[in-house]
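Structure file entry-v7.txt with compact mmCIF, N, CA and C atoms:
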```
# COMPACT_ATOMS: atom_id res chain seq x y z
N MET A 1 8.65 -3.73 26.99
CA MET A 1 9.16 -4.14 25.69
C MET A 1 10.54 -3.51 25.47
N PRO A 2 11.52 -4.33 25.14
CA PRO A 2 12.86 -3.79 24.92
C PRO A 2 12.88 -2.85 23.72
N GLU A 3 13.76 -1.88 23.79
CA GLU A 3 13.89 -0.89 22.71
C GLU A 3 14.28 -1.56 21.39
N ASP A 4 14.99 -2.71 21.45
CA ASP A 4 15.42 -3.42 20.24
C ASP A 4 14.24 -3.97 19.45
N ASP A 5 13.11 -4.21 20.13
CA ASP A 5 11.94 -4.78 19.46
C ASP A 5 11.09 -3.73 18.75
N LEU A 6 11.48 -2.47 18.84
CA LEU A 6 10.72 -1.39 18.19
C LEU A 6 11.41 -0.99 16.89
N ILE A 7 10.58 -0.82 15.86
CA ILE A 7 11.11 -0.49 14.54
C ILE A 7 10.39 0.76 14.05
N ASP A 8 11.16 1.75 13.58
CA ASP A 8 10.58 2.96 12.99
C ASP A 8 10.32 2.71 11.51
N ILE A 9 9.06 2.96 11.10
CA ILE A 9 8.67 2.71 9.70
C ILE A 9 8.01 3.96 9.14
N LYS A 10 8.44 4.32 7.94
CA LYS A 10 7.87 5.44 7.19
C LYS A 10 7.23 4.83 5.94
N PHE A 11 6.05 5.33 5.56
CA PHE A 11 5.34 4.81 4.40
C PHE A 11 5.41 5.83 3.26
N ARG A 12 5.98 5.43 2.14
CA ARG A 12 6.15 6.30 0.97
C ARG A 12 4.97 6.10 0.04
N LEU A 13 4.25 7.18 -0.26
CA LEU A 13 3.06 7.10 -1.11
C LEU A 13 3.44 7.26 -2.58
N TYR A 14 2.45 7.05 -3.46
CA TYR A 14 2.66 7.08 -4.90
C TYR A 14 3.20 8.39 -5.42
N ASP A 15 2.92 9.50 -4.72
CA ASP A 15 3.36 10.81 -5.20
C ASP A 15 4.67 11.27 -4.54
N GLY A 16 5.30 10.38 -3.79
CA GLY A 16 6.57 10.70 -3.16
C GLY A 16 6.45 11.27 -1.75
N SER A 17 5.23 11.58 -1.31
CA SER A 17 5.05 12.06 0.06
C SER A 17 5.08 10.88 1.03
N ASP A 18 5.21 11.18 2.30
CA ASP A 18 5.36 10.13 3.32
C ASP A 18 4.28 10.23 4.39
N ILE A 19 3.98 9.08 4.98
CA ILE A 19 3.19 9.01 6.21
C ILE A 19 4.15 8.46 7.26
N GLY A 20 4.25 9.14 8.39
CA GLY A 20 5.13 8.64 9.45
C GLY A 20 6.40 9.47 9.55
N PRO A 21 7.39 8.98 10.24
CA PRO A 21 7.56 7.61 10.71
C PRO A 21 6.77 7.30 11.98
N PHE A 22 6.42 6.02 12.13
CA PHE A 22 5.75 5.50 13.31
C PHE A 22 6.62 4.39 13.89
N ARG A 23 6.50 4.18 15.18
CA ARG A 23 7.27 3.13 15.84
C ARG A 23 6.35 1.93 16.09
N TYR A 24 6.78 0.77 15.61
CA TYR A 24 6.01 -0.46 15.75
C TYR A 24 6.82 -1.53 16.46
N SER A 25 6.11 -2.40 17.15
CA SER A 25 6.74 -3.59 17.73
C SER A 25 7.07 -4.54 16.59
N SER A 26 8.16 -5.30 16.73
CA SER A 26 8.51 -6.27 15.69
C SER A 26 7.47 -7.38 15.60
N ALA A 27 6.56 -7.49 16.60
CA ALA A 27 5.50 -8.49 16.58
C ALA A 27 4.24 -7.98 15.88
N SER A 28 4.19 -6.70 15.50
CA SER A 28 3.02 -6.15 14.80
C SER A 28 2.90 -6.80 13.43
N THR A 29 1.67 -7.06 13.01
CA THR A 29 1.47 -7.67 11.69
C THR A 29 1.39 -6.59 10.61
N ILE A 30 1.61 -7.01 9.38
CA ILE A 30 1.51 -6.10 8.23
C ILE A 30 0.08 -5.56 8.12
N ASP A 31 -0.90 -6.36 8.50
CA ASP A 31 -2.30 -5.92 8.47
C ASP A 31 -2.51 -4.71 9.40
N VAL A 32 -1.86 -4.71 10.57
CA VAL A 32 -1.95 -3.57 11.50
C VAL A 32 -1.37 -2.31 10.84
N LEU A 33 -0.25 -2.47 10.14
CA LEU A 33 0.36 -1.33 9.45
C LEU A 33 -0.58 -0.77 8.38
N LYS A 34 -1.22 -1.66 7.63
CA LYS A 34 -2.14 -1.23 6.57
C LYS A 34 -3.33 -0.47 7.15
N GLN A 35 -3.86 -0.94 8.27
CA GLN A 35 -4.98 -0.24 8.91
C GLN A 35 -4.56 1.16 9.34
N ARG A 36 -3.35 1.29 9.83
CA ARG A 36 -2.83 2.61 10.24
C ARG A 36 -2.72 3.52 9.02
N ILE A 37 -2.25 2.98 7.91
CA ILE A 37 -2.12 3.78 6.68
C ILE A 37 -3.48 4.31 6.24
N VAL A 38 -4.50 3.44 6.24
CA VAL A 38 -5.84 3.86 5.82
C VAL A 38 -6.37 4.95 6.76
N SER A 39 -6.17 4.79 8.08
CA SER A 39 -6.71 5.78 9.03
C SER A 39 -5.94 7.11 8.98
N ASP A 40 -4.65 7.07 8.64
CA ASP A 40 -3.83 8.29 8.60
C ASP A 40 -3.60 8.82 7.18
N TRP A 41 -4.34 8.30 6.20
CA TRP A 41 -4.14 8.72 4.81
C TRP A 41 -4.39 10.22 4.68
N PRO A 42 -3.47 10.95 4.04
CA PRO A 42 -3.63 12.41 3.91
C PRO A 42 -4.87 12.79 3.09
N LYS A 43 -5.53 13.84 3.52
CA LYS A 43 -6.73 14.33 2.82
C LYS A 43 -6.31 14.98 1.50
N GLY A 44 -7.18 14.91 0.50
CA GLY A 44 -6.94 15.60 -0.76
C GLY A 44 -6.13 14.83 -1.78
N LYS A 45 -5.77 13.58 -1.50
CA LYS A 45 -5.03 12.77 -2.49
C LYS A 45 -6.01 12.28 -3.55
N THR A 46 -5.55 12.14 -4.79
CA THR A 46 -6.44 11.70 -5.87
C THR A 46 -6.83 10.23 -5.71
N ILE A 47 -5.94 9.43 -5.12
CA ILE A 47 -6.23 8.02 -4.87
C ILE A 47 -6.27 7.82 -3.36
N THR A 48 -7.39 7.28 -2.87
CA THR A 48 -7.55 7.07 -1.43
C THR A 48 -8.05 5.66 -1.17
N PRO A 49 -7.34 4.88 -0.36
CA PRO A 49 -7.84 3.53 -0.04
C PRO A 49 -9.02 3.61 0.91
N LYS A 50 -10.02 2.77 0.68
CA LYS A 50 -11.20 2.74 1.55
C LYS A 50 -11.08 1.67 2.62
N ALA A 51 -10.19 0.70 2.40
CA ALA A 51 -10.00 -0.39 3.36
C ALA A 51 -8.56 -0.88 3.28
N ALA A 52 -8.12 -1.56 4.33
CA ALA A 52 -6.75 -2.09 4.37
C ALA A 52 -6.52 -3.11 3.25
N SER A 53 -7.58 -3.76 2.79
CA SER A 53 -7.43 -4.76 1.73
C SER A 53 -7.04 -4.13 0.39
N GLU A 54 -7.21 -2.82 0.24
CA GLU A 54 -6.84 -2.12 -0.99
C GLU A 54 -5.39 -1.63 -0.97
N VAL A 55 -4.70 -1.85 0.15
CA VAL A 55 -3.32 -1.37 0.31
C VAL A 55 -2.34 -2.53 0.18
N LYS A 56 -1.29 -2.31 -0.59
CA LYS A 56 -0.18 -3.27 -0.69
C LYS A 56 1.06 -2.55 -0.17
N LEU A 57 1.81 -3.24 0.68
CA LEU A 57 3.07 -2.69 1.18
C LEU A 57 4.22 -3.42 0.52
N ILE A 58 5.20 -2.66 0.05
CA ILE A 58 6.36 -3.24 -0.62
C ILE A 58 7.61 -2.82 0.12
N SER A 59 8.44 -3.81 0.43
CA SER A 59 9.72 -3.54 1.07
C SER A 59 10.76 -4.42 0.40
N SER A 60 11.84 -3.82 -0.04
CA SER A 60 12.92 -4.53 -0.75
C SER A 60 12.39 -5.27 -1.98
N GLY A 61 11.45 -4.66 -2.67
CA GLY A 61 10.93 -5.24 -3.90
C GLY A 61 9.96 -6.38 -3.70
N LYS A 62 9.55 -6.65 -2.46
CA LYS A 62 8.62 -7.75 -2.18
C LYS A 62 7.33 -7.21 -1.60
N ILE A 63 6.20 -7.76 -2.08
CA ILE A 63 4.90 -7.42 -1.51
C ILE A 63 4.78 -8.18 -0.20
N LEU A 64 4.48 -7.46 0.87
CA LEU A 64 4.42 -8.06 2.20
C LEU A 64 3.05 -8.67 2.47
N GLU A 65 3.03 -9.84 3.05
CA GLU A 65 1.78 -10.55 3.33
C GLU A 65 1.20 -10.08 4.67
N ASN A 66 -0.15 -10.01 4.72
CA ASN A 66 -0.85 -9.49 5.90
C ASN A 66 -0.51 -10.23 7.19
N ASN A 67 -0.31 -11.55 7.10
CA ASN A 67 -0.10 -12.34 8.32
C ASN A 67 1.34 -12.33 8.81
N LYS A 68 2.25 -11.75 8.05
CA LYS A 68 3.66 -11.66 8.47
C LYS A 68 3.81 -10.55 9.51
N THR A 69 4.81 -10.69 10.36
CA THR A 69 5.08 -9.64 11.34
C THR A 69 6.16 -8.70 10.80
N VAL A 70 6.23 -7.53 11.41
CA VAL A 70 7.26 -6.56 11.02
C VAL A 70 8.64 -7.18 11.20
N GLY A 71 8.82 -7.93 12.27
CA GLY A 71 10.11 -8.58 12.53
C GLY A 71 10.50 -9.56 11.44
N GLN A 72 9.52 -10.26 10.86
CA GLN A 72 9.79 -11.21 9.78
C GLN A 72 10.14 -10.50 8.48
N CYS A 73 9.75 -9.25 8.34
CA CYS A 73 9.97 -8.51 7.10
C CYS A 73 11.17 -7.58 7.17
N LYS A 74 11.85 -7.52 8.30
CA LYS A 74 13.00 -6.63 8.44
C LYS A 74 14.11 -7.02 7.49
N LEU A 75 14.83 -6.02 7.04
CA LEU A 75 15.96 -6.26 6.15
C LEU A 75 17.20 -6.55 6.97
N PRO A 76 17.82 -7.70 6.78
CA PRO A 76 19.02 -7.98 7.57
C PRO A 76 20.17 -7.02 7.26
N PHE A 77 20.28 -6.54 6.02
CA PHE A 77 21.39 -5.66 5.65
C PHE A 77 21.07 -4.20 5.90
N GLY A 78 19.81 -3.87 6.15
CA GLY A 78 19.43 -2.47 6.29
C GLY A 78 19.30 -2.01 7.73
N GLU A 79 19.60 -2.88 8.67
CA GLU A 79 19.44 -2.51 10.07
C GLU A 79 20.62 -1.68 10.55
N PHE A 80 20.32 -0.55 11.09
CA PHE A 80 21.34 0.26 11.75
C PHE A 80 20.65 1.10 12.80
N THR A 81 21.36 1.46 13.82
CA THR A 81 20.79 2.18 14.95
C THR A 81 20.21 3.51 14.48
N GLY A 82 18.99 3.77 14.89
CA GLY A 82 18.35 5.05 14.56
C GLY A 82 17.82 5.12 13.15
N GLY A 83 17.89 4.04 12.39
CA GLY A 83 17.43 4.04 11.01
C GLY A 83 15.92 3.90 10.91
N VAL A 84 15.37 4.43 9.84
CA VAL A 84 13.95 4.32 9.59
C VAL A 84 13.76 3.44 8.36
N THR A 85 12.92 2.43 8.49
CA THR A 85 12.60 1.55 7.36
C THR A 85 11.54 2.23 6.51
N ILE A 86 11.76 2.29 5.21
CA ILE A 86 10.78 2.89 4.30
C ILE A 86 10.08 1.76 3.54
N MET A 87 8.75 1.77 3.62
CA MET A 87 7.94 0.82 2.87
C MET A 87 7.11 1.60 1.87
N HIS A 88 7.05 1.09 0.66
CA HIS A 88 6.28 1.75 -0.39
C HIS A 88 4.84 1.27 -0.34
N VAL A 89 3.91 2.21 -0.57
CA VAL A 89 2.49 1.92 -0.49
C VAL A 89 1.89 1.96 -1.90
N VAL A 90 1.18 0.90 -2.25
CA VAL A 90 0.46 0.84 -3.52
C VAL A 90 -1.01 0.65 -3.20
N VAL A 91 -1.87 1.45 -3.82
CA VAL A 91 -3.31 1.32 -3.60
C VAL A 91 -3.90 0.62 -4.81
N GLN A 92 -4.60 -0.49 -4.55
CA GLN A 92 -5.30 -1.22 -5.60
C GLN A 92 -6.76 -1.32 -5.20
N PRO A 93 -7.64 -0.58 -5.88
CA PRO A 93 -9.07 -0.65 -5.55
C PRO A 93 -9.56 -2.10 -5.66
N SER A 94 -10.56 -2.43 -4.86
CA SER A 94 -11.06 -3.81 -4.83
C SER A 94 -11.50 -4.27 -6.21
N LEU A 95 -11.36 -5.55 -6.47
CA LEU A 95 -11.63 -6.14 -7.77
C LEU A 95 -13.10 -6.00 -8.16
N ALA A 96 -14.00 -6.17 -7.22
CA ALA A 96 -15.44 -6.08 -7.52
C ALA A 96 -15.78 -4.69 -8.04
N LYS A 97 -15.23 -3.66 -7.41
CA LYS A 97 -15.49 -2.29 -7.85
C LYS A 97 -14.90 -2.05 -9.24
N ALA A 98 -13.70 -2.54 -9.47
CA ALA A 98 -13.06 -2.35 -10.77
C ALA A 98 -13.86 -3.03 -11.87
N LYS A 99 -14.36 -4.23 -11.61
CA LYS A 99 -15.16 -4.95 -12.61
C LYS A 99 -16.45 -4.19 -12.92
N THR A 100 -17.10 -3.66 -11.88
CA THR A 100 -18.34 -2.90 -12.07
C THR A 100 -18.08 -1.68 -12.94
N GLU A 101 -17.01 -0.96 -12.63
CA GLU A 101 -16.68 0.23 -13.42
C GLU A 101 -16.35 -0.14 -14.86
N LYS A 102 -15.69 -1.26 -15.05
CA LYS A 102 -15.31 -1.70 -16.38
C LYS A 102 -16.56 -2.01 -17.22
N LYS A 103 -17.53 -2.70 -16.60
CA LYS A 103 -18.76 -3.02 -17.31
C LYS A 103 -19.49 -1.75 -17.72
N THR A 104 -19.53 -0.78 -16.82
CA THR A 104 -20.18 0.49 -17.11
C THR A 104 -19.49 1.18 -18.28
N ASP A 105 -18.17 1.19 -18.27
CA ASP A 105 -17.42 1.83 -19.34
C ASP A 105 -17.68 1.15 -20.68
N ASN A 106 -17.73 -0.19 -20.69
CA ASN A 106 -17.95 -0.92 -21.94
C ASN A 106 -19.33 -0.66 -22.51
N SER A 107 -20.34 -0.53 -21.66
CA SER A 107 -21.69 -0.32 -22.16
C SER A 107 -21.83 1.07 -22.77
N GLN A 108 -20.99 2.02 -22.36
CA GLN A 108 -21.07 3.37 -22.89
C GLN A 108 -20.31 3.53 -24.20
N GLN A 109 -19.43 2.58 -24.51
CA GLN A 109 -18.67 2.68 -25.74
C GLN A 109 -19.53 2.26 -26.93
N LYS A 110 -19.35 2.96 -28.03
CA LYS A 110 -20.07 2.61 -29.26
C LYS A 110 -19.08 1.98 -30.21
N ILE A 111 -19.51 0.95 -30.85
CA ILE A 111 -18.65 0.27 -31.82
C ILE A 111 -18.89 0.90 -33.18
N VAL A 112 -17.83 1.34 -33.79
CA VAL A 112 -17.91 1.98 -35.09
C VAL A 112 -17.08 1.16 -36.07
N CYS A 113 -17.69 0.81 -37.17
CA CYS A 113 -16.99 0.05 -38.20
C CYS A 113 -16.73 0.97 -39.39
N SER A 114 -15.52 0.98 -39.83
CA SER A 114 -15.22 1.83 -40.98
C SER A 114 -14.50 0.99 -42.05
N CYS A 115 -15.29 0.17 -42.70
CA CYS A 115 -14.74 -0.67 -43.78
C CYS A 115 -14.89 0.08 -45.11
N SER A 116 -13.94 -0.11 -45.98
CA SER A 116 -14.08 0.46 -47.31
C SER A 116 -13.68 -0.58 -48.34
N ILE A 117 -14.59 -0.82 -49.29
CA ILE A 117 -14.35 -1.80 -50.34
C ILE A 117 -14.06 -1.03 -51.62
N LEU A 118 -12.96 -1.36 -52.25
CA LEU A 118 -12.57 -0.65 -53.47
C LEU A 118 -12.78 -1.48 -54.69
```

Can you turn what I pasted into structure tokens?
Amino acid sequence: MPEDDLIDIKFRLYDGSDIGPFRYSSASTIDVLKQRIVSDWPKGKTITPKAASEVKLISSGKILENNKTVGQCKLPFGEFTGGVTIMHVVVQPSLAKAKTEKKTDNSQQKIVCSCSIL
């Protein structure tokens, strides 16, 4: 594989810390990157993804699609020799889990009415 086809990528987490940089082929898919993030996620973080589907990667203000390759997501203006591409990582817990937690929270809330008639 030619050296030109390799891209160094660093993943910036919500708290400003980084994972990487790692070197990827420009043919690697975004899904492969997400799986690497989940497996290399630092211990002790308050938010931890349980699966690649809970991870969103953002580069140049765009959410990257799983089926796209790294080469398709490269920035034409940001390429320079020896540069590291930084992608931002957003963790979104799965929708089913969020809905379950929401239902639990609603059932625990008590409705209080405080009307006053004068």

Interatomic distance (Å, one decimal) between atom C of A:Asn67 and atom CA of A:His88
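Interatomic distance here is 17.5 Å.
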
Would you mind reading off the distance between atom CA of A:Lys68 and atom CA of A:Ile86, one decimal, in Å?
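Answer for the atom CA of A:Lys68 to atom CA of A:Ile86 separation: 16.7 Å.
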
Quick one: residues within 12 Å of A:Ser39, only C-alpha atoms counted, chain neighbours fewer than 3 positions away excluded, as a list in words?
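The residues that qualify are Ile19, Val32, Leu33, Lys34, Gln35, Arg36, Pro42, Lys43, Thr48, Pro49, Lys50, Ala51, Ala52 and Val55 of chain A.
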
Residues flagged strand (DSSP E or B) by DSSP in stretch 34-93 of chain A, as an NGL selection string
:A and (55-59 or 62-63 or 69 or 84-91)

Pairwise distance for atom N of A:Thr46 and atom CA of A:Arg12, rounded to one decimal in Å:
14.3 Å

May I have the residues within 8 Å of A:Gly83 as a ChimeraX atom specification, using only N, CA and C atoms and disregarding those fewer than 6 positions away in the same chain?
/A:7-9

Let's see if you can do this: from backbone DSSP, list all helix (DSSP H, G or I) residues in stretch 21-57 of chain A, as a list in words.
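DSSP-assigned helix (DSSP H, G or I) residues in stretch 21-57 of chain A: Ile30, Asp31, Val32, Leu33, Lys34, Gln35, Arg36, Ile37, Val38, Ser39, Ala52, Ser53 and Glu54 of chain A.
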
What lies within 8 Å of A:Ile58 using only C-alpha atoms, ignoring chain neighbours under 6 positions off, as a compact mmCIF listing (two decimals) with N, CA and C atoms, in the coordinates of the input?
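Contents of selection-v9.txt, freshly written:
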```
# COMPACT_ATOMS: atom_id res chain seq x y z
N LEU A 64 4.48 -7.46 0.87
CA LEU A 64 4.42 -8.06 2.20
C LEU A 64 3.05 -8.67 2.47
N MET A 87 8.75 1.77 3.62
CA MET A 87 7.94 0.82 2.87
C MET A 87 7.11 1.60 1.87
N HIS A 88 7.05 1.09 0.66
CA HIS A 88 6.28 1.75 -0.39
C HIS A 88 4.84 1.27 -0.34
N VAL A 89 3.91 2.21 -0.57
CA VAL A 89 2.49 1.92 -0.49
C VAL A 89 1.89 1.96 -1.90
N VAL A 90 1.18 0.90 -2.25
CA VAL A 90 0.46 0.84 -3.52
C VAL A 90 -1.01 0.65 -3.20
```

Residues within 10 Å of A:Ser26, only C-alpha atoms, excluding chain neighbours under 5 positions, as an MDAnalysis selection string:
chainID A and resid 4:8 69:74

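With only C-alpha atoms as the atoms that count, the residue of A:Val84, A:Pro21, A:Lys45, A:Glu54 with the shortest distance to A:Asn66 is A:Glu54.
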